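*Asks:* mmCIF, C-alpha atoms and all ligand atoms, saved as data_35.cif, coming up:
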data_upload
loop_
_atom_site.label_atom_id
_atom_site.label_comp_id
_atom_site.auth_asym_id
_atom_site.auth_seq_id
_atom_site.Cartn_x
_atom_site.Cartn_y
_atom_site.Cartn_z
CA MET A 1 0.00 0.00 0.00
CA SER A 2 1.44 3.35 -0.93
CA SER A 3 1.70 5.71 2.00
CA ASN A 4 0.44 8.45 -0.30
CA ASP A 5 -2.97 6.88 -0.13
CA LEU A 6 -3.08 7.17 3.63
CA ILE A 7 -4.03 10.14 5.73
CA VAL A 8 -3.62 9.95 9.50
CA SER A 9 -5.33 12.35 11.87
CA LEU A 10 -4.49 12.92 15.52
CA ASP A 11 -7.05 14.35 17.95
CA ILE A 12 -5.55 15.10 21.35
CA GLY A 13 -8.56 15.26 23.66
CA THR A 14 -8.96 15.54 27.41
CA SER A 15 -10.21 11.98 27.89
CA LYS A 16 -8.82 10.19 24.85
CA ILE A 17 -6.18 10.59 22.19
CA ARG A 18 -7.48 9.31 18.89
CA VAL A 19 -5.60 8.32 15.78
CA ILE A 20 -7.59 7.62 12.64
CA ILE A 21 -6.10 6.17 9.47
CA GLY A 22 -7.99 6.96 6.30
CA GLU A 23 -7.25 5.32 2.99
CA ILE A 24 -8.12 7.33 -0.07
CA SER A 25 -8.96 5.55 -3.27
CA ASN A 26 -10.44 7.43 -6.23
CA GLY A 27 -11.35 10.29 -3.91
CA ALA A 28 -13.39 8.04 -1.58
CA ILE A 29 -12.38 7.62 2.04
CA ASN A 30 -12.19 4.30 3.87
CA ILE A 31 -11.36 4.34 7.53
CA ILE A 32 -8.97 1.41 7.83
CA GLY A 33 -7.70 1.86 11.34
CA VAL A 34 -8.35 3.60 14.63
CA GLY A 35 -6.16 3.81 17.68
CA SER A 36 -6.97 5.38 20.98
CA SER A 37 -5.47 5.72 24.40
CA ASP A 38 -6.50 7.22 27.70
CA SER A 39 -5.28 10.76 27.72
CA GLU A 40 -2.86 11.79 30.43
CA GLY A 41 -1.41 15.27 30.62
CA ILE A 42 -4.41 17.17 29.21
CA ARG A 43 -6.77 19.29 31.32
CA LYS A 44 -9.80 20.99 29.83
CA GLY A 45 -8.40 20.48 26.35
CA ALA A 46 -5.00 22.08 27.11
CA ILE A 47 -1.64 20.32 27.44
CA VAL A 48 -0.44 20.55 31.03
CA ASP A 49 2.21 17.81 31.05
CA ILE A 50 4.35 17.27 27.96
CA ASP A 51 5.88 13.90 28.92
CA GLN A 52 2.55 12.33 29.84
CA THR A 53 0.96 13.67 26.66
CA VAL A 54 3.82 12.31 24.54
CA GLN A 55 3.37 8.86 26.09
CA SER A 56 -0.39 8.94 25.51
CA ILE A 57 0.13 9.95 21.86
CA ARG A 58 2.61 7.10 21.46
CA ASN A 59 0.13 4.62 22.96
CA ALA A 60 -2.63 5.71 20.60
CA VAL A 61 -0.32 5.59 17.57
CA ASP A 62 1.02 2.14 18.55
CA HIS A 63 -2.54 0.93 18.90
CA ALA A 64 -3.46 2.16 15.40
CA GLU A 65 -0.25 0.75 13.93
CA ARG A 66 -0.95 -2.68 15.41
CA MET A 67 -4.47 -2.63 14.04
CA VAL A 68 -3.42 -1.90 10.47
CA GLY A 69 0.08 -3.35 10.39
CA ILE A 70 1.80 -0.19 9.17
CA THR A 71 4.19 2.34 10.64
CA ILE A 72 2.82 5.82 11.10
CA ASP A 73 5.38 8.56 10.77
CA GLU A 74 3.34 11.55 9.64
CA VAL A 75 0.08 12.94 11.01
CA TYR A 76 -2.31 15.85 10.66
CA VAL A 77 -2.83 17.30 14.11
CA GLY A 78 -6.05 18.87 15.33
CA ILE A 79 -5.94 22.04 17.38
CA ALA A 80 -8.62 23.61 19.58
CA GLY A 81 -8.87 25.63 22.73
CA ASN A 82 -9.74 29.00 24.16
CA HIS A 83 -6.57 30.54 22.70
CA ILE A 84 -7.99 30.29 19.17
CA ALA A 85 -9.19 33.55 17.60
CA LEU A 86 -10.57 34.50 14.21
CA GLN A 87 -10.17 37.68 12.26
CA THR A 88 -10.95 38.65 8.73
CA ASN A 89 -8.64 40.34 6.30
CA HIS A 90 -8.61 41.47 2.74
CA GLY A 91 -5.86 41.17 0.14
CA VAL A 92 -5.54 42.89 -3.25
CA VAL A 93 -3.06 42.40 -6.11
CA ALA A 94 -2.81 43.28 -9.79
CA VAL A 95 -2.94 40.21 -12.03
CA SER A 96 0.62 39.65 -13.19
CA ASN A 97 0.09 37.68 -16.37
CA GLU A 98 0.30 39.65 -19.62
CA ASP A 99 -2.88 38.09 -20.98
CA ARG A 100 -4.57 38.86 -17.62
CA GLU A 101 -5.49 35.25 -17.00
CA ILE A 102 -5.42 34.49 -13.30
CA GLY A 103 -3.04 31.70 -12.34
CA GLN A 104 -1.88 29.89 -9.19
CA GLU A 105 0.87 32.45 -8.73
CA ASP A 106 -1.65 35.31 -8.51
CA ILE A 107 -3.61 33.37 -5.94
CA GLU A 108 -0.51 32.81 -3.86
CA ARG A 109 0.32 36.52 -4.04
CA VAL A 110 -3.15 37.65 -3.06
CA MET A 111 -3.23 35.17 -0.17
CA GLN A 112 0.14 36.49 0.94
CA ALA A 113 -1.28 40.00 0.83
CA ALA A 114 -4.23 38.91 2.98
CA ARG A 115 -1.83 37.35 5.42
CA VAL A 116 -0.19 40.65 6.19
CA VAL A 117 -1.93 41.60 9.36
CA ALA A 118 -0.80 43.09 12.64
CA LEU A 119 -0.77 40.31 15.20
CA PRO A 120 0.18 40.57 18.85
CA PRO A 121 3.67 39.09 19.34
CA GLU A 122 2.37 36.07 21.25
CA ARG A 123 0.05 34.93 18.43
CA GLU A 124 0.62 33.15 15.16
CA ILE A 125 -1.45 32.14 12.14
CA ILE A 126 -2.69 28.54 12.15
CA ASN A 127 -4.95 28.44 9.08
CA LEU A 128 -5.89 30.93 6.40
CA VAL A 129 -9.28 30.26 4.85
CA PRO A 130 -10.47 32.21 1.81
CA LYS A 131 -14.13 33.19 2.07
CA GLN A 132 -14.42 34.55 -1.44
CA PHE A 133 -12.34 35.94 -4.28
CA LEU A 134 -13.23 39.05 -6.25
CA VAL A 135 -12.10 39.63 -9.83
CA ASP A 136 -12.41 43.26 -10.94
CA GLY A 137 -14.96 43.80 -8.18
CA LEU A 138 -17.10 40.76 -9.01
CA GLY A 139 -17.39 38.65 -5.86
CA ASP A 140 -18.53 35.22 -4.64
CA ILE A 141 -15.84 33.45 -6.65
CA GLN A 142 -14.48 30.26 -5.07
CA ASP A 143 -11.75 29.48 -7.62
CA PRO A 144 -10.67 32.34 -9.88
CA ARG A 145 -8.01 30.40 -11.79
CA GLY A 146 -8.44 30.73 -15.54
CA MET A 147 -10.60 33.85 -15.25
CA ILE A 148 -9.56 37.09 -16.92
CA GLY A 149 -9.12 40.21 -14.84
CA VAL A 150 -6.85 43.04 -13.78
CA ARG A 151 -7.51 43.20 -10.08
CA LEU A 152 -7.68 40.12 -7.83
CA GLU A 153 -8.97 40.40 -4.29
CA VAL A 154 -9.55 37.87 -1.54
CA GLU A 155 -11.53 37.99 1.66
CA CYS A 156 -10.04 35.62 4.22
CA THR A 157 -10.67 34.28 7.67
CA ILE A 158 -7.42 34.16 9.55
CA ILE A 159 -7.30 31.60 12.35
CA THR A 160 -4.71 32.40 14.99
CA GLY A 161 -3.56 30.75 18.19
CA THR A 162 -1.06 31.53 20.87
CA LYS A 163 2.50 30.58 20.03
CA ALA A 164 2.82 28.79 23.38
CA ALA A 165 -0.18 26.50 22.76
CA VAL A 166 0.89 25.74 19.18
CA HIS A 167 4.45 25.10 20.32
CA ASN A 168 3.38 22.72 23.11
CA LEU A 169 1.19 20.78 20.72
CA MET A 170 3.92 20.46 18.10
CA ARG A 171 6.52 19.59 20.69
CA CYS A 172 4.43 16.69 22.01
CA VAL A 173 3.76 15.29 18.56
CA GLU A 174 7.39 15.57 17.50
CA LYS A 175 8.61 14.06 20.76
CA ALA A 176 6.32 11.13 20.08
CA GLY A 177 8.45 10.57 16.95
CA LEU A 178 5.93 11.85 14.41
CA ARG A 179 6.23 14.35 11.60
CA ILE A 180 3.51 16.97 11.33
CA SER A 181 1.88 17.12 7.91
CA GLY A 182 -0.31 20.01 8.97
CA ILE A 183 -2.20 21.58 11.83
CA ILE A 184 -5.95 21.94 11.39
CA LEU A 185 -8.47 23.77 13.51
CA MET A 186 -10.73 20.96 14.68
CA SER A 187 -13.87 23.09 14.48
CA LEU A 188 -13.19 23.64 10.78
CA ALA A 189 -12.73 19.90 10.26
CA SER A 190 -15.78 18.86 12.31
CA GLY A 191 -17.81 21.51 10.53
CA MET A 192 -16.91 19.90 7.26
CA MET A 193 -17.86 16.46 8.57
CA ALA A 194 -21.03 17.46 10.35
CA LEU A 195 -22.68 20.36 8.55
CA SER A 196 -24.36 20.63 5.18
CA LYS A 197 -23.62 23.53 2.87
CA ASP A 198 -27.05 25.02 3.62
CA GLU A 199 -26.54 24.76 7.36
CA LYS A 200 -23.30 26.68 7.02
CA ILE A 201 -24.99 29.35 4.94
CA MET A 202 -28.13 29.72 7.05
CA GLY A 203 -26.34 29.93 10.39
CA THR A 204 -25.63 26.92 12.60
CA VAL A 205 -23.76 26.37 15.83
CA LEU A 206 -21.66 23.23 15.96
CA ALA A 207 -21.15 22.25 19.60
CA ASP A 208 -18.55 19.58 20.37
CA ILE A 209 -19.22 18.46 23.93
CA GLY A 210 -16.14 16.49 24.95
CA ALA A 211 -14.84 15.47 28.34
CA GLY A 212 -13.07 18.60 29.53
CA ALA A 213 -14.31 21.23 27.11
CA THR A 214 -17.20 22.24 24.92
CA THR A 215 -16.08 23.83 21.68
CA LEU A 216 -18.52 26.04 19.83
CA ALA A 217 -18.15 26.95 16.20
CA VAL A 218 -20.63 29.32 14.58
CA PHE A 219 -20.99 28.95 10.82
CA GLU A 220 -22.78 31.71 8.98
CA GLY A 221 -22.87 32.92 5.40
CA GLY A 222 -21.06 29.75 4.31
CA SER A 223 -18.02 30.07 6.52
CA LEU A 224 -16.72 29.88 10.05
CA ALA A 225 -17.76 33.08 11.78
CA ALA A 226 -16.84 32.57 15.44
CA VAL A 227 -15.30 30.01 17.78
CA SER A 228 -15.35 29.68 21.52
CA THR A 229 -14.34 27.10 24.10
CA LEU A 230 -16.20 26.59 27.36
CA PRO A 231 -14.29 24.75 30.10
CA ILE A 232 -17.09 22.29 30.78
CA GLY A 233 -17.99 18.82 29.49
CA GLY A 234 -18.62 15.20 30.40
CA ASP A 235 -16.03 15.22 33.19
CA TYR A 236 -18.32 17.51 35.19
CA VAL A 237 -21.15 15.01 34.81
CA THR A 238 -18.87 12.21 36.03
CA SER A 239 -17.74 14.34 38.94
CA ASP A 240 -21.36 15.06 39.95
CA ILE A 241 -22.04 11.30 39.91
CA CYS A 242 -18.98 10.78 42.12
CA TYR A 243 -20.31 13.17 44.73
CA GLY A 244 -23.96 12.22 44.29
CA LEU A 245 -23.44 8.47 44.68
CA LYS A 246 -20.33 8.85 46.88
CA THR A 247 -18.22 6.63 44.67
CA GLN A 248 -14.88 6.78 42.89
CA THR A 249 -14.34 8.54 39.58
CA GLU A 250 -13.70 5.38 37.60
CA HIS A 251 -16.90 3.76 38.92
CA ALA A 252 -18.86 6.92 38.27
CA GLU A 253 -17.60 7.04 34.68
CA LYS A 254 -18.55 3.40 34.07
CA ILE A 255 -22.00 3.92 35.56
CA LYS A 256 -22.49 7.02 33.43
CA LEU A 257 -21.59 5.16 30.24
CA LYS A 258 -23.80 2.20 31.05
CA PHE A 259 -26.86 3.73 32.71
CA GLY A 260 -26.57 7.47 32.08
CA CYS A 261 -29.65 9.33 30.90
CA ALA A 262 -29.84 13.09 30.48
CA ARG A 263 -33.56 13.43 31.21
CA ALA A 264 -35.11 12.20 34.44
CA MET A 265 -38.45 11.71 32.69
CA ASP A 266 -36.89 9.16 30.29
CA ALA A 267 -35.06 7.19 32.97
CA ALA A 268 -36.36 3.90 34.36
CA GLU A 269 -37.12 3.35 38.05
CA ASP A 270 -36.74 -0.40 37.66
CA VAL A 271 -33.27 -0.36 36.08
CA LYS A 272 -31.05 -0.77 39.13
CA PHE A 273 -27.33 -1.02 39.77
CA LYS A 274 -25.09 -1.37 42.79
CA VAL A 275 -22.39 1.11 43.73
CA THR A 276 -19.41 0.61 46.01
CA ARG A 277 -19.23 3.70 48.17
CA VAL A 278 -16.07 5.54 49.11
CA GLY A 279 -14.65 4.56 52.50
CA THR A 280 -16.74 1.40 52.91
CA ASN A 281 -17.11 -2.02 51.40
CA VAL A 282 -20.84 -1.70 51.50
CA GLU A 283 -22.67 -1.54 48.20
CA LYS A 284 -25.74 0.60 47.80
CA GLU A 285 -28.39 0.19 45.15
CA PHE A 286 -29.54 3.05 42.94
CA SER A 287 -31.93 3.29 40.00
CA GLN A 288 -31.39 4.85 36.61
CA ALA A 289 -33.87 7.53 37.67
CA ASP A 290 -31.68 8.43 40.69
CA LEU A 291 -28.75 8.75 38.32
CA ALA A 292 -30.69 10.88 35.83
CA ASN A 293 -31.64 13.26 38.64
CA ILE A 294 -27.93 13.92 39.13
CA ILE A 295 -27.09 14.17 35.42
CA GLU A 296 -29.98 16.30 34.19
CA PRO A 297 -29.18 19.58 36.01
CA ARG A 298 -25.55 19.45 34.82
CA MET A 299 -26.54 18.77 31.22
CA GLN A 300 -29.10 21.57 31.44
CA GLU A 301 -26.36 23.87 32.69
CA ILE A 302 -24.09 22.90 29.80
CA PHE A 303 -26.81 23.73 27.26
CA GLN A 304 -27.65 26.99 29.01
CA MET A 305 -23.98 27.94 28.94
CA ILE A 306 -23.87 27.12 25.21
CA ARG A 307 -26.91 29.34 24.60
CA GLN A 308 -25.49 32.15 26.72
CA GLU A 309 -22.19 31.98 24.84
CA VAL A 310 -23.90 32.10 21.45
CA LYS A 311 -25.78 35.15 22.72
CA ARG A 312 -22.57 36.75 23.97
CA LEU A 313 -20.98 36.15 20.57
CA GLY A 314 -23.93 37.99 19.03
CA TYR A 315 -25.35 35.12 16.99
CA LEU A 316 -28.44 34.05 18.94
CA ASP A 317 -30.83 35.72 16.47
CA LYS A 318 -28.77 34.88 13.41
CA ILE A 319 -28.62 31.11 13.68
CA ASN A 320 -31.17 28.53 12.65
CA GLY A 321 -30.13 25.57 14.74
CA TYR A 322 -27.54 23.56 16.58
CA VAL A 323 -25.63 20.45 15.62
CA LEU A 324 -24.18 18.50 18.53
CA THR A 325 -21.18 16.22 18.48
CA GLY A 326 -18.42 14.99 20.82
CA GLY A 327 -18.52 11.96 23.13
CA SER A 328 -20.92 13.43 25.68
CA VAL A 329 -23.81 13.60 23.23
CA SER A 330 -23.90 9.77 23.07
CA MET A 331 -25.90 9.69 26.28
CA ALA A 332 -29.59 8.79 26.07
CA GLY A 333 -31.90 11.76 26.39
CA VAL A 334 -29.35 14.39 25.29
CA LEU A 335 -31.19 15.31 22.10
CA PRO A 336 -34.63 16.08 23.59
CA LEU A 337 -33.00 17.88 26.53
CA ALA A 338 -30.96 20.02 24.15
CA GLN A 339 -34.03 20.82 22.05
CA THR A 340 -35.80 22.11 25.16
CA GLU A 341 -32.87 24.03 26.60
CA LEU A 342 -31.60 25.55 23.37
CA GLU A 343 -35.12 26.42 22.15
CA SER A 344 -34.11 25.65 18.61
CA SER A 345 -33.81 22.80 16.15
CA VAL A 346 -31.06 20.43 17.19
CA ARG A 347 -29.57 17.30 15.70
CA ILE A 348 -26.67 15.03 16.55
CA ALA A 349 -23.89 14.46 14.01
CA VAL A 350 -22.06 11.14 13.82
CA PRO A 351 -19.41 10.21 11.21
CA ASP A 352 -20.88 7.91 8.58
CA TYR A 353 -18.02 5.43 8.23
CA ILE A 354 -17.72 1.87 9.51
CA GLY A 355 -15.67 1.68 12.68
CA VAL A 356 -16.07 5.31 13.71
CA ARG A 357 -19.84 5.74 14.04
CA ASP A 358 -19.53 7.64 17.28
CA PRO A 359 -19.73 11.40 17.83
CA SER A 360 -16.39 11.38 19.62
CA PHE A 361 -14.72 10.62 16.27
CA SER A 362 -16.16 13.67 14.47
CA SER A 363 -13.03 15.84 14.67
CA GLY A 364 -10.64 13.06 13.63
CA VAL A 365 -12.80 11.94 10.71
CA GLY A 366 -13.45 15.57 9.76
CA MET A 367 -9.71 16.17 9.52
CA ILE A 368 -9.35 13.30 7.05
CA GLN A 369 -12.22 14.66 4.96
CA TYR A 370 -10.77 18.15 5.10
CA VAL A 371 -7.34 17.00 3.96
CA THR A 372 -8.84 14.84 1.21
CA LYS A 373 -11.05 17.57 -0.14
CA TYR A 374 -8.89 20.63 0.10
CA LEU A 375 -5.33 19.49 0.28
CA ARG A 376 -4.46 16.15 -1.18
CA ASN A 377 -5.87 16.96 -4.61
CA ARG A 378 -3.76 20.08 -4.75
CA GLY A 379 -0.72 18.58 -3.10
CA ALA A 380 -0.69 21.16 -0.33
CA ALA A 381 -1.36 21.12 3.35
CA PRO A 382 -3.01 23.77 5.48
CA GLY A 383 -0.82 25.22 8.10
CA LYS A 384 2.00 23.02 6.89
CA ARG A 385 4.75 24.13 9.11
CA PRO A 386 8.49 24.26 9.18
CA VAL A 387 9.92 21.76 11.60
CA LYS A 388 13.04 22.66 13.49
CA ALA A 389 16.19 21.24 11.97
CA LYS A 390 17.16 19.58 15.25
CA THR A 391 13.92 17.68 15.45
CA ALA A 392 14.06 16.88 11.76
CA ALA A 393 17.44 15.26 12.24
CA ALA A 394 16.23 13.42 15.31
CA SER A 395 13.37 11.83 13.42
CA GLY A 396 15.53 11.12 10.38
CA SER A 397 13.45 13.24 8.04
CA SER A 398 14.87 14.99 5.03
CA SER A 399 11.60 15.94 3.39
CA LYS A 400 10.27 18.50 5.82
CA PRO A 401 9.06 21.70 4.27
CA GLY A 402 11.04 24.87 4.73
CA LEU A 403 9.49 28.15 5.80
CA LYS A 404 9.07 29.28 2.22
CA GLU A 405 7.39 26.02 1.31
CA TRP A 406 5.14 26.28 4.31
CA PHE A 407 3.91 29.72 3.34
CA LYS A 408 3.41 28.55 -0.21
CA ASN A 409 1.35 25.62 0.96
CA LEU A 410 -0.63 27.78 3.29
CA PHE A 411 -1.79 29.92 0.40
CA LYS A 412 -2.91 26.94 -1.64
CA GLU A 413 -5.41 26.04 1.02
CA PHE A 414 -8.96 25.78 -0.30
CA ILE A 415 -7.83 26.54 -3.84
N1 LIG B 1 -22.41 6.70 25.96
C1 LIG B 1 -22.00 7.74 26.65
N2 LIG B 1 -22.79 8.29 27.60
C2 LIG B 1 -22.37 9.34 28.31
N3 LIG B 1 -21.20 9.96 28.17
C3 LIG B 1 -20.38 9.47 27.24
C4 LIG B 1 -20.72 8.34 26.42
N4 LIG B 1 -19.69 8.09 25.60
C5 LIG B 1 -18.73 9.02 25.88
N5 LIG B 1 -19.14 9.84 26.87
C6 LIG B 1 -18.41 10.94 27.48
O1 LIG B 1 -17.84 11.73 26.47
C7 LIG B 1 -16.65 12.35 26.96
C8 LIG B 1 -15.54 12.11 25.97
O2 LIG B 1 -15.86 12.76 24.78
P1 LIG B 1 -14.73 13.07 23.70
O3 LIG B 1 -14.02 11.81 23.40
O4 LIG B 1 -15.40 13.79 22.60
O5 LIG B 1 -13.80 14.03 24.55
P2 LIG B 1 -12.27 14.42 24.35
O6 LIG B 1 -12.05 14.76 22.93
O7 LIG B 1 -11.40 13.37 24.95
O8 LIG B 1 -12.16 15.69 25.28
P3 LIG B 1 -12.16 17.26 24.92
O9 LIG B 1 -12.70 17.41 23.53
O10 LIG B 1 -13.05 17.85 25.96
O11 LIG B 1 -10.74 17.69 25.07
C9 LIG B 1 -16.34 11.72 28.31
O12 LIG B 1 -16.73 12.60 29.35
C10 LIG B 1 -17.24 10.48 28.32
O13 LIG B 1 -17.66 10.15 29.61
MG MG B 2 -12.47 16.45 21.72
#
Translate the structure described by the file into C-alpha cells.

*Replies:*
Amino acid sequence: MSSNDLIVSLDIGTSKIRVIIGEISNGAINIIGVGSSDSEGIRKGAIVDIDQTVQSIRNAVDHAERMVGITIDEVYVGIAGNHIALQTNHGVVAVSNEDREIGQEDIERVMQAARVVALPPEREIINLVPKQFLVDGLGDIQDPRGMIGVRLEVECTIITGTKAAVHNLMRCVEKAGLRISGIILMSLASGMMALSKDEKIMGTVLADIGAGATTLAVFEGGSLAAVSTLPIGGDYVTSDICYGLKTQTEHAEKIKLKFGCARAMDAAEDVKFKVTRVGTNVEKEFSQADLANIIEPRMQEIFQMIRQEVKRLGYLDKINGYVLTGGSVSMAGVLPLAQTELESSVRIAVPDYIGVRDPSFSSGVGMIQYVTKYLRNRGAAPGKRPVKAKTAAASGSSSKPGLKEWFKNLFKEFI
C-alpha cells in the first residue's frame, strides 16, 4: 500500500487521544484503522504535562499501527482551545500575467497580501481560509483560476492561536516521533464532517461536547464566523455522579456510560445497579432515575452555557439551529433535553463510516475529509509548518518543508 494513499489524523482530547487512518482511493475515504489511548497530561483540552501527553500519543499511535500493520510517521494534528481567535482580512493584487489570465501564482500573491496583518507578538497564524475571491470587483468566486481580470482580491478568515499552545502541541507530537503534515483547527474539520452547505450558509452552531471542554463553532454565510471554548464537558457530569453516589471517579464514569440518561423523565425506576461507596465495602443500590436526577441539572447547565455563549458572541438571532457532536452527546436523552434548553432545532452528528460511528470521532474523521477535499488533490497542506532542523534530524526526516514552502502551501489552502 502506498503511503500516499493514507491520511492519519491525531485528535488530542482531554479523555482520549485518537488516531484515525484513512485510505483514499479514487477520492473516496475508507477508515482502515483507529487507535486510541487514555489521555494523560491534558486538562480541559490544554496540554499541562508534555511527557505524559507524549506517552499517551505514542500509545494511541502504537494501537493504530498494530491494528493496520503499518508504521505511522506523519500525522495531521487537530488544534482547539480558548486561545484560538478569528479575524478577517482582505488582500488585493494586480494580475501579473500579460494576458490577464489568473493563475496559481496570482492566488498565492493575493493570499500572501491577505496574510499581512498586525498580530500581537504572542500569536501566530494557524490556518488561512479564503471566504471569497473578487475579480475586478465581481465577488462570490471560489476558484478564480483561468478567469480574466486586472484586479484580484480575496476575503479571508485568519485563524490564529497563541504561540505557546501551538508550540506545546507540536513539541508533544514531535517528541512522540511523528512528523507533522499540517495543523488543522478541529472546528473547521468537524464543521466539514457534520454540517451541510445550507446549514453553514443559514447559520448553525456546531457544539462539540467532549470530556473537559465544549467547543462552539458558529458557521454563517457559508463560513466559520466565530469560535469559543467553554471549560465544561462530560467530566463535570462524572464528577457530579462521584459526589452524588459517593463513589470513585472510575466507577462513576462506568456507571455514566452504562446507565446514564440526560432526562429524568426518560429514565427507568426499575433499572437498578449497585455502587461501592467511598470509604466502605458496603454496596448501595440506585436506580437509573436516581442517576438521571444527578445528570440532568448538569446537562441543562451545559446547554444553558452554550446558549449564553452564542448570545454573547452575538449570533443568537442569526442562527437557525444547533448540531451536537463529541462523546458526551452519546448519552440517552441528550437530544430532547438540548431541544428544550436551546429552544431551537437540534440534531446530533455522527461520522458515517464503519468503525467510527460515534460522535467522539467527528473531529478526527473531519480532519481526514478536510485533507482529502482541500489538500491532497492540490498537493498542499493547510498550516503546513516548518519543523526545526534539530527535530528533523532526530526523526531522520529529510523531506520537511522549509518556511518558504510552508507559506506557499498555506496559500494553496482551499484553492
Ligand atoms: N455513551 C456515553 N454516555 C455518556 N457519556 C459518554 C458516552 N460516551 C462518551 N461519553 C463521554 O464523552 C466524553 C468524551 O468525549 P470526547 O471523546 O469527545 O472528549 P475528548 O475529545 O477526549 O475531550 P475534549 O474534547 O473535551 O478535550 C467523556 O466525558 C465520556 O464520559
Ligand atoms: Mg475532543

*Asks:* Pick from A:Asp352, A:Glu122, A:Glu220, A:Asp11: nearest to ligand MG 2 (chain B), with only C-alpha atoms and all ligand atoms counted?

*Replies:*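 With only C-alpha atoms and all ligand atoms as the atom set, the closest residue is A:Asp11.
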
*Asks:* For the atom pair CA of Val117 (chain A) and CA of Leu86 (chain A), what is the interatomic distance in Å to one decimal place?

*Replies:*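 Atom-to-atom, CA of Val117 (chain A) to CA of Leu86 (chain A), that is 12.2 Å.
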
*Asks:* As a ChimeraX atom specification, please: every protein or nucleic acid residue near ligand LIG 1 (chain B) (cut-off 6 Å, counting only C-alpha atoms and all ligand atoms).

*Replies:* /A:13-16,44-45,210-213,234-235,253,256-257,260,326-328,330-331,360

*Asks:* Using all atoms listed in the file - which residues lie no farther than 10 Å from the point (-11.4, 15.7, 1.8) in the file's frame? Write them as a list in words.

*Replies:*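 Residues satisfying the cut-off, written out: Ile24, Gly27, Ala28, Ile29, Ala189, Met192, Met193, Val365, Gly366, Met367, Ile368, Gln369, Tyr370, Val371, Thr372, Lys373, Tyr374, Leu375, Arg376 and Asn377 of chain A.
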
*Asks:* Write the residues of the preceding selection, restricted to C-alpha atoms, as a PDB file, keeping the file's coordinate frame.

*Replies:*
ATOM      1  CA  ILE A  24      -8.120   7.330  -0.070  1.00  0.00           C
ATOM      2  CA  GLY A  27     -11.350  10.290  -3.910  1.00  0.00           C
ATOM      3  CA  ALA A  28     -13.390   8.040  -1.580  1.00  0.00           C
ATOM      4  CA  ILE A  29     -12.380   7.620   2.040  1.00  0.00           C
ATOM      5  CA  ALA A 189     -12.730  19.900  10.260  1.00  0.00           C
ATOM      6  CA  MET A 192     -16.910  19.900   7.260  1.00  0.00           C
ATOM      7  CA  MET A 193     -17.860  16.460   8.570  1.00  0.00           C
ATOM      8  CA  VAL A 365     -12.800  11.940  10.710  1.00  0.00           C
ATOM      9  CA  GLY A 366     -13.450  15.570   9.760  1.00  0.00           C
ATOM     10  CA  MET A 367      -9.710  16.170   9.520  1.00  0.00           C
ATOM     11  CA  ILE A 368      -9.350  13.300   7.050  1.00  0.00           C
ATOM     12  CA  GLN A 369     -12.220  14.660   4.960  1.00  0.00           C
ATOM     13  CA  TYR A 370     -10.770  18.150   5.100  1.00  0.00           C
ATOM     14  CA  VAL A 371      -7.340  17.000   3.960  1.00  0.00           C
ATOM     15  CA  THR A 372      -8.840  14.840   1.210  1.00  0.00           C
ATOM     16  CA  LYS A 373     -11.050  17.570  -0.140  1.00  0.00           C
ATOM     17  CA  TYR A 374      -8.890  20.630   0.100  1.00  0.00           C
ATOM     18  CA  LEU A 375      -5.330  19.490   0.280  1.00  0.00           C
ATOM     19  CA  ARG A 376      -4.460  16.150  -1.180  1.00  0.00           C
ATOM     20  CA  ASN A 377      -5.870  16.960  -4.610  1.00  0.00           C
TER      21      ASN A 377
END

*Asks:* Select, from A:Thr214, A:Ser223, A:Ser37, A:Asn293, the residue with the minimum atom-to-atom distance to ligand MG 2 (chain B), counting all atoms listed in the file.

*Replies:*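 Ranked by minimum distance to ligand MG 2 (chain B), first place goes to A:Thr214.
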
*Asks:* To one decimal in Å, tell me the separation between CA of Glu301 (chain A) and CA of Ser239 (chain A).

*Replies:*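 We find that CA of Glu301 (chain A) and CA of Ser239 (chain A) lie 14.3 Å from each other.
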
*Asks:* Between A:Gly333, A:Gly182, A:Pro130, A:Gly177, which residue has the minimum interatomic distance to Arg263 (chain A), considering all atoms listed in the file?

*Replies:* A:Gly333

*Asks:* What is the CA of Ile57 (chain A)-CA of Thr325 (chain A) distance in Å, reported with one decimal?

*Replies:*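 A separation of 22.5 Å between them.
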
*Asks:* Assuming the input is short of atoms at region 215-223 of chain A, produce N, CA and C atoms for that part as a PDB file, in the coordinates of the input.

*Replies:*
ATOM      1  N   THR A 215     -16.563  22.882  22.693  1.00  0.00           N
ATOM      2  CA  THR A 215     -16.080  23.830  21.680  1.00  0.00           C
ATOM      3  C   THR A 215     -17.236  24.235  20.788  1.00  0.00           C
ATOM      4  N   LEU A 216     -17.452  25.530  20.681  1.00  0.00           N
ATOM      5  CA  LEU A 216     -18.520  26.040  19.830  1.00  0.00           C
ATOM      6  C   LEU A 216     -17.925  26.635  18.568  1.00  0.00           C
ATOM      7  N   ALA A 217     -18.556  26.339  17.455  1.00  0.00           N
ATOM      8  CA  ALA A 217     -18.150  26.950  16.200  1.00  0.00           C
ATOM      9  C   ALA A 217     -19.415  27.453  15.511  1.00  0.00           C
ATOM     10  N   VAL A 218     -19.462  28.741  15.241  1.00  0.00           N
ATOM     11  CA  VAL A 218     -20.630  29.320  14.580  1.00  0.00           C
ATOM     12  C   VAL A 218     -20.304  29.448  13.095  1.00  0.00           C
ATOM     13  N   PHE A 219     -21.145  28.824  12.273  1.00  0.00           N
ATOM     14  CA  PHE A 219     -20.990  28.950  10.820  1.00  0.00           C
ATOM     15  C   PHE A 219     -22.121  29.838  10.327  1.00  0.00           C
ATOM     16  N   GLU A 220     -21.758  30.804   9.517  1.00  0.00           N
ATOM     17  CA  GLU A 220     -22.780  31.710   8.980  1.00  0.00           C
ATOM     18  C   GLU A 220     -22.304  32.234   7.641  1.00  0.00           C
ATOM     19  N   GLY A 221     -23.240  32.407   6.719  1.00  0.00           N
ATOM     20  CA  GLY A 221     -22.870  32.920   5.400  1.00  0.00           C
ATOM     21  C   GLY A 221     -21.896  32.007   4.669  1.00  0.00           C
ATOM     22  N   GLY A 222     -21.900  30.718   5.021  1.00  0.00           N
ATOM     23  CA  GLY A 222     -21.060  29.750   4.310  1.00  0.00           C
ATOM     24  C   GLY A 222     -19.706  29.511   4.936  1.00  0.00           C
ATOM     25  N   SER A 223     -19.347  30.310   5.944  1.00  0.00           N
ATOM     26  CA  SER A 223     -18.020  30.070   6.520  1.00  0.00           C
ATOM     27  C   SER A 223     -18.017  30.182   8.044  1.00  0.00           C
TER      28      SER A 223
END
